[in-house]
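Novice: Can you keep this structure in mind? I'll have questions shortly.
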Amino acid sequence: MQPPRLLITRRLPEAVHERLRANYDVEVNVDDHPLHRDRLARALRDFDALMPTITDRIDDALLRTADHRTRVIANFGAGIEHIDLDAARRANIVVTNTPGALTEATAQLAVLLMLMAARRAGEGERWLRLGEWHGWAPTQLLGQDLRGKTLGLVGFGRIARETARLARALLDVRVAYHSRTRASVEDERTLGAAYHDSLPALLAVSDIVSLHCPGGAATRHLMNAKAFESMKPTAILINTARGSVVDEQALAAALARRAIAAAGLDVYEAEPAVHAPLLKLDNVVLLPHLGSATIQTRTAMGMQAADNLDAFFGGMAPPNRVV
Ligand code: 8YV
């Protein structure tokens, strides 16, 4: 029997390619540029399985192709808003993702951004590299201590909880959250997390606001001009979730007039483009979507995606099926 044809749309850690080559007829996009739409359309006709990433927009128009051969899309990543799930369902294509594998790495990056923004680390590094540091001074680049501050989590899934756990251990913060569904009393108690039943209520009490909700239409521009008005002028915004959750224009305006103190961003509305005014502001730390970027995590994500494929082609239920 012929092994299933699998297209891996971006270069993954070699260990993942090796594992997949053992059981699949694998093609890897070795030049590693985001695939052109036409190539994705052809892939749906030519391959039994796709392993895409966030850089592949698989929308209704693509999935509507009547003669598609693809039966399963094993996304490399947890977030799947770049795939039209309803259209996949209509096309009878199974979709899986990789939750869990990237929880720790992403939570660590959220805490890194909190520290970088609070301690003005990006600003300091820029000074130094530009030769603008002329020696130590007692009131130079003074940041904020985070001990005892309130960390407000928007969303309370795996990454939010791990972020809370780490930030409590490292920075001794208090935890508050808002999410669509309230967690159990037990889960709240474990993290000492105080529930707020509305976003404005959470924003009003938070010194650090960290976003952990999914992307997509339901959360688009959740953080808009009005939301920034609800935040404390001393507050810091952290986004390791999806760029679409933040109205970047409104954020740049709020940072420029110090309606909020600082921000740390890892994700953007139109990646890889960054809203130009943000690049000019000193009180924002900007990272290039590094949330899960460790060799261990990216390998684990690939292995989890491979587990999903193996289950599917082995006639079993893929463990991380979303459609
Ligand atoms: C991934 C992510 O790097 O998994 C996610 O949802 O945001 C990132 O950590 C990327 O999405 C991989 O496709």
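Letters A, B, ... go to the chains of the structure tokens in the order shown; residues in each chain start at 1; ligands are counted from 1 in the same order.
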From the DSSP assignment of the backbone, select every residue of region 180-227 of chain A that is strand (DSSP E), and format the answer as an NGL selection string.
Specialist: :A and (193-195 or 208-211)
Novice: So that I have them on file, write out the residues from the current selection with C-alpha atoms, as an mmCIF file, in the first residue's frame.
Specialist:
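Writing the result to result.cif gives the following:
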```cif
data_model
loop_
_atom_site.group_PDB
_atom_site.id
_atom_site.type_symbol
_atom_site.label_atom_id
_atom_site.label_comp_id
_atom_site.auth_asym_id
_atom_site.auth_seq_id
_atom_site.Cartn_x
_atom_site.Cartn_y
_atom_site.Cartn_z
ATOM 1 C CA ALA A 193 -7.209 33.765 41.094
ATOM 2 C CA ALA A 194 -10.009 36.293 41.528
ATOM 3 C CA TYR A 195 -12.719 36.119 38.858
ATOM 4 C CA ILE A 208 -0.414 43.949 34.166
ATOM 5 C CA VAL A 209 -2.979 42.805 31.610
ATOM 6 C CA SER A 210 -1.925 39.608 29.837
ATOM 7 C CA LEU A 211 -3.949 38.351 26.868
#
```
Novice: Would you list the contacts of Leu309 (chain A) as a ChimeraX atom specification, taking every protein, DNA or RNA residue within 9 Å and counting only C-alpha atoms, but skipping same-chain residues closer than 5 positions in sequence?
Specialist: /A:49,72-74,96,304,314,318
Novice: Please return, as a PyMOL selection string, all residues of region 31-168 of chain A that DSSP assigns to alpha helix (DSSP H) on the basis of the backbone.
Specialist: chain A and resi 37-46+60-63+85-90+103-118+121-129+158-168
Novice: Which residue, A:Arg69, A:Arg64, A:Arg182, A:Lys232, has the smallest gap to Ala262 (chain A) when you use only C-alpha atoms?
Specialist: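 Among A:Arg69, A:Arg64, A:Arg182, A:Lys232, it is A:Lys232 that comes nearest to Ala262 (chain A).
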Novice: Excluding Arg174 (chain A) and its own-chain neighbours fewer than 5 positions away, which residues fall within 9 Å of it when counting only C-alpha atoms? Please give them as a ChimeraX atom specification.
Specialist: /A:147-152,164,167-168,191-194
Novice: As a quick test: using only C-alpha atoms and all ligand atoms, which residues lie no more than 10 Å away from ligand 1? Give them as a VMD selection string.
Specialist: chain A and resid 10 51 to 56 75 to 82 97 to 103 105 to 106 214 to 215 240 to 243 266 to 267 289 to 294 297 to 298 301 to 302
Novice: Near region 118-128 of chain A, within 10 Å and counting only C-alpha atoms, which residues show up once chain neighbours fewer than 6 positions away are dropped, as a list in words?
Specialist: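 The neighbour list is Leu112, His134, Gly135, Gln140, Leu141, Leu142, Gly143, Gln144, Asp145, Leu146, Ile208, Ala235, Ile236, Ala261, Ala262, Ala263, Gly264, Leu281, Asp282, Asn283, Val284, Val285, Leu286 and Leu287 of chain A.
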Novice: What does the distance between CA of Ala317 (chain A) and CA of Arg45 (chain A) come to in Å, to one decimal place?
Specialist: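 Going from CA of Ala317 (chain A) over to CA of Arg45 (chain A), I get 23.6 Å.
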Novice: Using only C-alpha atoms, which residues sit within 8 Å of His178 (chain A) once same-chain residues fewer than 5 positions away are excluded, as a JSON list (two decimals) with N, CA and C atoms, in the first residue's frame?
Specialist:
```json
[["chain", "number", "residue", "atom", "x", "y", "z"],
["A", 152, "GLY", "N", -3.72, 40.66, 35.60],
["A", 152, "GLY", "CA", -5.06, 40.38, 35.08],
["A", 152, "GLY", "C", -4.98, 39.56, 33.81],
["A", 153, "LEU", "N", -5.52, 38.36, 33.85],
["A", 153, "LEU", "CA", -5.45, 37.46, 32.70],
["A", 153, "LEU", "C", -6.75, 37.54, 31.91],
["A", 154, "VAL", "N", -6.65, 37.77, 30.62],
["A", 154, "VAL", "CA", -7.84, 37.77, 29.77],
["A", 154, "VAL", "C", -7.85, 36.40, 29.10],
["A", 155, "GLY", "N", -8.78, 35.54, 29.54],
["A", 155, "GLY", "CA", -8.77, 34.13, 29.16],
["A", 155, "GLY", "C", -8.10, 33.36, 30.30],
["A", 156, "PHE", "N", -8.53, 32.10, 30.48],
["A", 156, "PHE", "CA", -7.99, 31.35, 31.62],
["A", 156, "PHE", "C", -7.76, 29.89, 31.21],
["A", 195, "TYR", "N", -11.95, 36.01, 40.11],
["A", 195, "TYR", "CA", -12.72, 36.12, 38.86],
["A", 195, "TYR", "C", -13.39, 37.48, 38.77],
["A", 196, "HIS", "N", -13.36, 38.06, 37.57],
["A", 196, "HIS", "CA", -14.10, 39.30, 37.30],
["A", 196, "HIS", "C", -15.07, 39.02, 36.16],
["A", 197, "ASP", "N", -16.32, 39.41, 36.35],
["A", 197, "ASP", "CA", -17.32, 38.99, 35.37],
["A", 197, "ASP", "C", -17.40, 39.86, 34.13],
["A", 198, "SER", "N", -16.57, 40.89, 34.05],
["A", 198, "SER", "CA", -16.52, 41.66, 32.80],
["A", 198, "SER", "C", -15.08, 42.09, 32.54],
["A", 199, "LEU", "N", -14.79, 42.35, 31.26],
["A", 199, "LEU", "CA", -13.43, 42.79, 30.90],
["A", 199, "LEU", "C", -13.11, 44.16, 31.54],
["A", 202, "LEU", "N", -12.06, 43.75, 35.09],
["A", 202, "LEU", "CA", -10.71, 43.19, 35.22],
["A", 202, "LEU", "C", -9.66, 44.26, 34.92]]
```
Novice: As a PyMOL selection string, please: the residues near Asp67 (chain A) (cut-off 10 Å, only C-alpha atoms, same-chain neighbours under 4 positions excluded).
Specialist: chain A and resi 44-46+63
